[in-house]
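S.K.: Dropping the structure in here first, questions after.
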Amino acid sequence: MKKGYLILESGELFPGVYVGRQEPVMGEVVFNTSMTGYQEIMTDPSYAGQLMTFCYPLIGNYGINTADSEHEKIQMQGAIFSNLCQTPSHYKSVQTVDQWLKESGIPGLAGVDTRAVVKAVRKSGTMKAAISGTPDAGTVDWSLPLPLNTVSRVSTSSIKTYEGVGPHIVLIDYGYKKSMLNALLAEGCKVTVVPYNTSSQTVDSLRPDGVMLSNGPGDPQQLSSQFGDLKKITSHYPTLGICLGHQLIALAYGAKTGKLLFGHRGANHPVREVETGKVWITSQNHSYVVEKSSINEQIFAVTYLNVNDGSVEGLKHCSLPIETVQFHPEAHPGPDDTHPVFQRFIATIKQSKGEVIHAVTY
């Protein structure tokens with residue numbers, strides 16, 4: 001097996017062995033604390049441009065199947081593992097993680113001290129890192145920028161409609177997960193997926209009952225050219241923003257975003273509902289957050305707060321039917337505590353149309 005190395009921009013070096021494509025690559029090093037769901041994590045478009053470190057010490061034990069991918073291909077730059085299983089056991093398994101990485105052209109490292117990597121990232125924050133065949137940090141050109149325009153890389157380039165008998169939802173694709181679409185279809189919705197840069201005029205022409213802004217990768221400020229259209233769209237239709245979509249709505253209405261030291265990535269993040277005090281366990285994957293001090297309380301009320309660090313996890317417009325959440329209510333992988341967020345969104349749409357609805361409760 002060919003030796004490989006994870007080199008952090010801080011100078012720290014972590015040896016391992018190559019898996020997947022045996023080529024050097026650079027990205028932003030991050031980590032995920034989930035114990036299961038590695039296939040869903042590896043196909044989450046929100047990881048575009050990143051080197052993902054799995055905290056759980058054993059990955060690949062149930063192989064890769066044909067049903068659980070959240071996107072048609074792996075979008076992350078590379079993956080870092082402690083123990084990567086080469087002999088998976090599951091009746092749905094069709095290949096190993098190593099085989100899948102090779103087939104996808106994605107580099108990875110196994111046999112890495114992932115605990116030490118996580119400690120380094122928690123101490124210094126997310127940073128540039130490289131997977132390399134040599135331990136010499138001098139061979140890495142740290143002046144190269146991290147991958148830019150990642151949303152344009154993962155978003156659809158065409159409009160596609162999935163039929164249903166319920167409300168018509170336009171899903172703006174910044175890198176949506178398949179389970180997000182499935183959650184809407186399971187509620188009977190007709191869903192039209194549109195590119196991230198779709199204009200308000202095009203959205204109007206589709207005559208939706210509501211609009212959803214999806215998750216996605218990168219800094220939301222890179223989409224500043226879309227803020228004007230997003231404000232027009234959200235002011236005309238009941239809207240739900242998830243993760244990056246939550247941040248974009250906040251920015252469109254004048255709030256600010258900032259970057260966390262090492263982000264929230266995992267399936268067990270506790271979130272407190274401000275109105276009730278209830279705590280929900282959520283799935284999350286993001287570096288950026290809406291800065292609480294920047295929120296105009298005449299426009300938005302904070303609906304959820306992160307229990308661990310107090311960061312903003314949700315907003316509700318004071319007069320318009322707009323709700324946002326920083327976490328993933330579709331939660332694959334992860335808990336289903338907050339799935340009713342979708343049901344509440346659909347109930348809001350029906351109410352705006354004058355339909356009689358029953359209250360949605362958790």
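By order in the structure tokens, chains are A, B, ...; within a chain, residues start at 1; ligands start at 1, following the order shown.
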Pull the helix (DSSP H, G or I) assignments for segment 37-184 of chain A out of DSSP run on the backbone, and list those residues as a PDB file with C-alpha atoms, in the first residue's frame.
M.R.:
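Final output, result-v2.pdb:
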```
ATOM      1  CA  TYR A  38     -20.756   7.724   5.857  1.00  0.00           C
ATOM      2  CA  GLN A  39     -22.251   7.203   2.386  1.00  0.00           C
ATOM      3  CA  GLU A  40     -24.741  10.036   2.896  1.00  0.00           C
ATOM      4  CA  ILE A  41     -21.986  12.261   4.300  1.00  0.00           C
ATOM      5  CA  MET A  42     -19.605  11.590   1.410  1.00  0.00           C
ATOM      6  CA  PRO A  45     -22.807  18.476  -1.800  1.00  0.00           C
ATOM      7  CA  SER A  46     -22.167  20.805   1.151  1.00  0.00           C
ATOM      8  CA  TYR A  47     -18.706  19.187   1.451  1.00  0.00           C
ATOM      9  CA  VAL A  97     -15.524   2.551   0.224  1.00  0.00           C
ATOM     10  CA  ASP A  98     -12.036   2.221  -1.255  1.00  0.00           C
ATOM     11  CA  GLN A  99     -13.441   0.880  -4.541  1.00  0.00           C
ATOM     12  CA  TRP A 100     -16.045   3.645  -4.599  1.00  0.00           C
ATOM     13  CA  LEU A 101     -13.419   6.340  -4.062  1.00  0.00           C
ATOM     14  CA  LYS A 102     -11.273   4.914  -6.875  1.00  0.00           C
ATOM     15  CA  GLU A 103     -14.278   4.744  -9.195  1.00  0.00           C
ATOM     16  CA  SER A 104     -15.168   8.339  -8.288  1.00  0.00           C
ATOM     17  CA  THR A 114      -7.954  11.133  13.195  1.00  0.00           C
ATOM     18  CA  ARG A 115      -8.232  12.068  16.883  1.00  0.00           C
ATOM     19  CA  ALA A 116      -5.058  14.120  16.549  1.00  0.00           C
ATOM     20  CA  VAL A 117      -6.352  15.727  13.332  1.00  0.00           C
ATOM     21  CA  VAL A 118      -9.589  16.733  15.056  1.00  0.00           C
ATOM     22  CA  LYS A 119      -7.696  18.169  18.035  1.00  0.00           C
ATOM     23  CA  ALA A 120      -5.545  20.244  15.662  1.00  0.00           C
ATOM     24  CA  VAL A 121      -8.592  21.593  13.822  1.00  0.00           C
ATOM     25  CA  ARG A 122     -10.462  22.341  17.054  1.00  0.00           C
ATOM     26  CA  LYS A 123      -7.433  24.267  18.330  1.00  0.00           C
ATOM     27  CA  SER A 124      -6.502  26.237  15.203  1.00  0.00           C
ATOM     28  CA  ALA A 137       5.292  20.478   3.310  1.00  0.00           C
ATOM     29  CA  GLY A 138       7.501  22.548   1.051  1.00  0.00           C
ATOM     30  CA  THR A 139       6.050  20.754  -1.975  1.00  0.00           C
ATOM     31  CA  THR A 150     -18.552  25.540  -5.290  1.00  0.00           C
ATOM     32  CA  VAL A 151     -22.312  26.173  -5.462  1.00  0.00           C
ATOM     33  CA  SER A 152     -22.148  26.510  -9.245  1.00  0.00           C
ATOM     34  CA  ARG A 153     -20.281  23.198  -9.298  1.00  0.00           C
ATOM     35  CA  VAL A 154     -22.944  21.246  -7.413  1.00  0.00           C
ATOM     36  CA  LYS A 178     -31.840  13.873  -2.153  1.00  0.00           C
ATOM     37  CA  SER A 179     -33.510  13.294   1.216  1.00  0.00           C
ATOM     38  CA  MET A 180     -34.689  16.925   1.186  1.00  0.00           C
ATOM     39  CA  LEU A 181     -36.508  16.347  -2.088  1.00  0.00           C
ATOM     40  CA  ASN A 182     -37.843  13.019  -0.803  1.00  0.00           C
ATOM     41  CA  ALA A 183     -39.221  14.696   2.333  1.00  0.00           C
ATOM     42  CA  LEU A 184     -41.292  17.070   0.196  1.00  0.00           C
TER      43      LEU A 184
END
```
S.K.: Would you mind listing what lies within 7 Å of segment 287-296 of chain A as a list in words, with only C-alpha atoms counted and same-chain residues fewer than 6 positions away left out?
M.R.: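 In the requested format, the answer is Asp219, Gln247, Ala255, Lys256, Thr257, Gly258, Lys259, Leu260, Phe262, Gly263, His264 and Val312 of chain A.
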S.K.: Please provide the set of residues having any atom within 9 Å of Trp142 of chain A, restricted to only C-alpha atoms, with same-chain residues fewer than 4 positions apart removed, written as a PyMOL selection string.
M.R.: chain A and resi 9+26+128-129
S.K.: Pick the closest to Gly314 of chain A from A:Leu261, A:Ala250, A:Ala331, A:Ala186: which is it, counting only C-alpha atoms?
M.R.: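 Ranking A:Leu261, A:Ala250, A:Ala331, A:Ala186 by distance to Gly314 of chain A, first place goes to A:Ala250.
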S.K.: Got a sec: who's within 6 Å of Leu244 of chain A, counting only C-alpha atoms, leaving out chain neighbours fewer than 2 positions off, as a PyMOL selection string?
M.R.: chain A and resi 215-216+246-247
S.K.: May I have the selected residues written with N, CA and C atoms, as a PDB file, in the first residue's frame?
M.R.:
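As a result, selection.pdb now contains:
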```
ATOM      1  N   ASN A 215     -29.671  23.570   1.248  1.00  0.00           N
ATOM      2  CA  ASN A 215     -28.308  23.591   1.774  1.00  0.00           C
ATOM      3  C   ASN A 215     -27.318  23.741   0.619  1.00  0.00           C
ATOM      4  N   GLY A 216     -26.056  23.919   0.951  1.00  0.00           N
ATOM      5  CA  GLY A 216     -25.029  24.015  -0.076  1.00  0.00           C
ATOM      6  C   GLY A 216     -23.689  24.362   0.538  1.00  0.00           C
ATOM      7  N   HIS A 246     -30.834  29.249   4.819  1.00  0.00           N
ATOM      8  CA  HIS A 246     -31.093  30.065   6.012  1.00  0.00           C
ATOM      9  C   HIS A 246     -30.177  31.284   6.031  1.00  0.00           C
ATOM     10  N   GLN A 247     -28.900  31.073   5.756  1.00  0.00           N
ATOM     11  CA  GLN A 247     -27.929  32.170   5.765  1.00  0.00           C
ATOM     12  C   GLN A 247     -28.220  33.181   4.656  1.00  0.00           C
TER      13      GLN A 247
END
```
S.K.: Quick check, in Å to one decimal: how far apart do atom CA of Ser225 of chain A and atom CA of Gly27 of chain A lie?
M.R.: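 Value for the atom CA of Ser225 of chain A-atom CA of Gly27 of chain A distance: 24.9 Å.
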S.K.: From the options A:Val203, A:Leu315, A:Leu51, A:Ala301, which residue's atoms come nearest to Gly245 of chain A, counting only C-alpha atoms?
M.R.: A:Leu315
S.K.: Which residues, written as a list of chain:residue names, have at least one atom at most 6 Å from segment 73-83 of chain A, with only C-alpha atoms counted and residues fewer than 5 positions away on the same chain left out?
M.R.: A:Met42, A:Thr43, A:Pro45, A:Tyr47, A:Ala48, A:Gly49, A:Gln50, A:Leu51, A:Met52, A:Thr53, A:Phe54, A:Pro57, A:Leu58, A:Ile106, A:Pro107, A:Gly108, A:Leu109, A:Ala110, A:Gly111, A:Val112, A:Thr114
S.K.: At a cut-off of 9 Å, using only C-alpha atoms, what residues contact Arg272 of chain A? Leave out same-chain residues fewer than 3 positions from it and give the result as a tab-separated table (two decimals) with N, CA and C atoms, in the first residue's frame.
M.R.:
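result30.tsv, written as the output of this step:
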```tsv
chain	number	residue	atom	x	y	z
A	275	GLU	N	-39.15	29.40	21.85
A	275	GLU	CA	-40.52	29.61	22.33
A	275	GLU	C	-40.90	28.64	23.43
A	276	THR	N	-40.48	27.38	23.30
A	276	THR	CA	-40.91	26.33	24.23
A	276	THR	C	-39.83	25.90	25.21
A	277	GLY	N	-38.57	26.15	24.88
A	277	GLY	CA	-37.48	25.67	25.71
A	277	GLY	C	-37.11	24.22	25.44
A	278	LYS	N	-37.83	23.57	24.55
A	278	LYS	CA	-37.52	22.17	24.21
A	278	LYS	C	-36.19	22.08	23.46
A	279	VAL	N	-35.49	20.98	23.68
A	279	VAL	CA	-34.22	20.75	23.01
A	279	VAL	C	-34.37	19.60	22.03
A	280	TRP	N	-33.93	19.83	20.79
A	280	TRP	CA	-33.99	18.84	19.74
A	280	TRP	C	-32.57	18.45	19.33
A	281	ILE	N	-32.39	17.17	19.00
A	281	ILE	CA	-31.09	16.69	18.51
A	281	ILE	C	-31.14	16.76	16.99
A	303	THR	N	-35.65	31.77	16.40
A	303	THR	CA	-36.52	30.66	16.82
A	303	THR	C	-35.76	29.50	17.47
A	304	TYR	N	-34.49	29.33	17.09
A	304	TYR	CA	-33.69	28.23	17.64
A	304	TYR	C	-32.29	28.74	17.95
A	305	LEU	N	-31.71	28.21	19.03
A	305	LEU	CA	-30.33	28.53	19.40
A	305	LEU	C	-29.56	27.24	19.66
A	306	ASN	N	-28.29	27.23	19.30
A	306	ASN	CA	-27.45	26.06	19.56
A	306	ASN	C	-27.15	25.98	21.06
A	307	VAL	N	-27.37	24.82	21.65
A	307	VAL	CA	-27.18	24.66	23.08
A	307	VAL	C	-25.70	24.79	23.45
A	313	GLU	N	-29.77	29.25	15.22
A	313	GLU	CA	-30.12	28.02	14.49
A	313	GLU	C	-31.44	28.14	13.73
```
S.K.: Could you pull out the residues in segment 70-142 of chain A that DSSP calls strand (DSSP E) from the backbone, as JSON, numbers by chain?
M.R.: {"A": [78, 79, 80, 83, 84, 107, 108, 109, 110, 127, 128, 129, 130, 131, 132]}
S.K.: Include N, CA and C atoms and write out the residues we just selected as a JSON list (two decimals), in the first residue's frame.
M.R.:
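Saved file result_16.json follows:
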```
[["chain", "number", "residue", "atom", "x", "y", "z"],
["A", 78, "GLY", "N", -11.53, 15.18, -0.73],
["A", 78, "GLY", "CA", -10.89, 13.96, -0.27],
["A", 78, "GLY", "C", -11.44, 13.56, 1.08],
["A", 79, "ALA", "N", -11.09, 12.34, 1.54],
["A", 79, "ALA", "CA", -11.61, 11.81, 2.80],
["A", 79, "ALA", "C", -10.48, 11.22, 3.63],
["A", 80, "ILE", "N", -10.58, 11.41, 4.96],
["A", 80, "ILE", "CA", -9.56, 10.95, 5.89],
["A", 80, "ILE", "C", -10.20, 9.97, 6.87],
["A", 83, "ASN", "N", -9.65, 3.70, 10.63],
["A", 83, "ASN", "CA", -9.68, 2.32, 10.14],
["A", 83, "ASN", "C", -10.73, 2.21, 9.04],
["A", 84, "LEU", "N", -10.32, 1.96, 7.83],
["A", 84, "LEU", "CA", -11.25, 1.82, 6.71],
["A", 84, "LEU", "C", -11.41, 0.34, 6.40],
["A", 107, "PRO", "N", -9.32, 11.15, -3.91],
["A", 107, "PRO", "CA", -8.25, 10.65, -3.04],
["A", 107, "PRO", "C", -8.71, 10.50, -1.59],
["A", 108, "GLY", "N", -8.06, 9.60, -0.88],
["A", 108, "GLY", "CA", -8.31, 9.45, 0.54],
["A", 108, "GLY", "C", -7.09, 8.90, 1.25],
["A", 109, "LEU", "N", -7.11, 8.99, 2.57],
["A", 109, "LEU", "CA", -6.06, 8.42, 3.41],
["A", 109, "LEU", "C", -6.70, 7.58, 4.50],
["A", 110, "ALA", "N", -6.16, 6.40, 4.76],
["A", 110, "ALA", "CA", -6.60, 5.56, 5.86],
["A", 110, "ALA", "C", -5.42, 5.34, 6.81],
["A", 127, "MET", "N", -8.71, 24.96, 8.13],
["A", 127, "MET", "CA", -7.59, 25.57, 7.41],
["A", 127, "MET", "C", -7.33, 24.77, 6.14],
["A", 128, "LYS", "N", -6.45, 25.29, 5.31],
["A", 128, "LYS", "CA", -6.04, 24.54, 4.13],
["A", 128, "LYS", "C", -5.27, 23.30, 4.58],
["A", 129, "ALA", "N", -5.42, 22.24, 3.80],
["A", 129, "ALA", "CA", -4.67, 21.01, 4.05],
["A", 129, "ALA", "C", -4.49, 20.30, 2.72],
["A", 130, "ALA", "N", -3.54, 19.40, 2.68],
["A", 130, "ALA", "CA", -3.26, 18.68, 1.44],
["A", 130, "ALA", "C", -3.04, 17.20, 1.73],
["A", 131, "ILE", "N", -3.54, 16.37, 0.85],
["A", 131, "ILE", "CA", -3.17, 14.95, 0.82],
["A", 131, "ILE", "C", -2.02, 14.84, -0.16],
["A", 132, "SER", "N", -0.91, 14.26, 0.28],
["A", 132, "SER", "CA", 0.30, 14.24, -0.54],
["A", 132, "SER", "C", 1.00, 12.89, -0.42]]
```
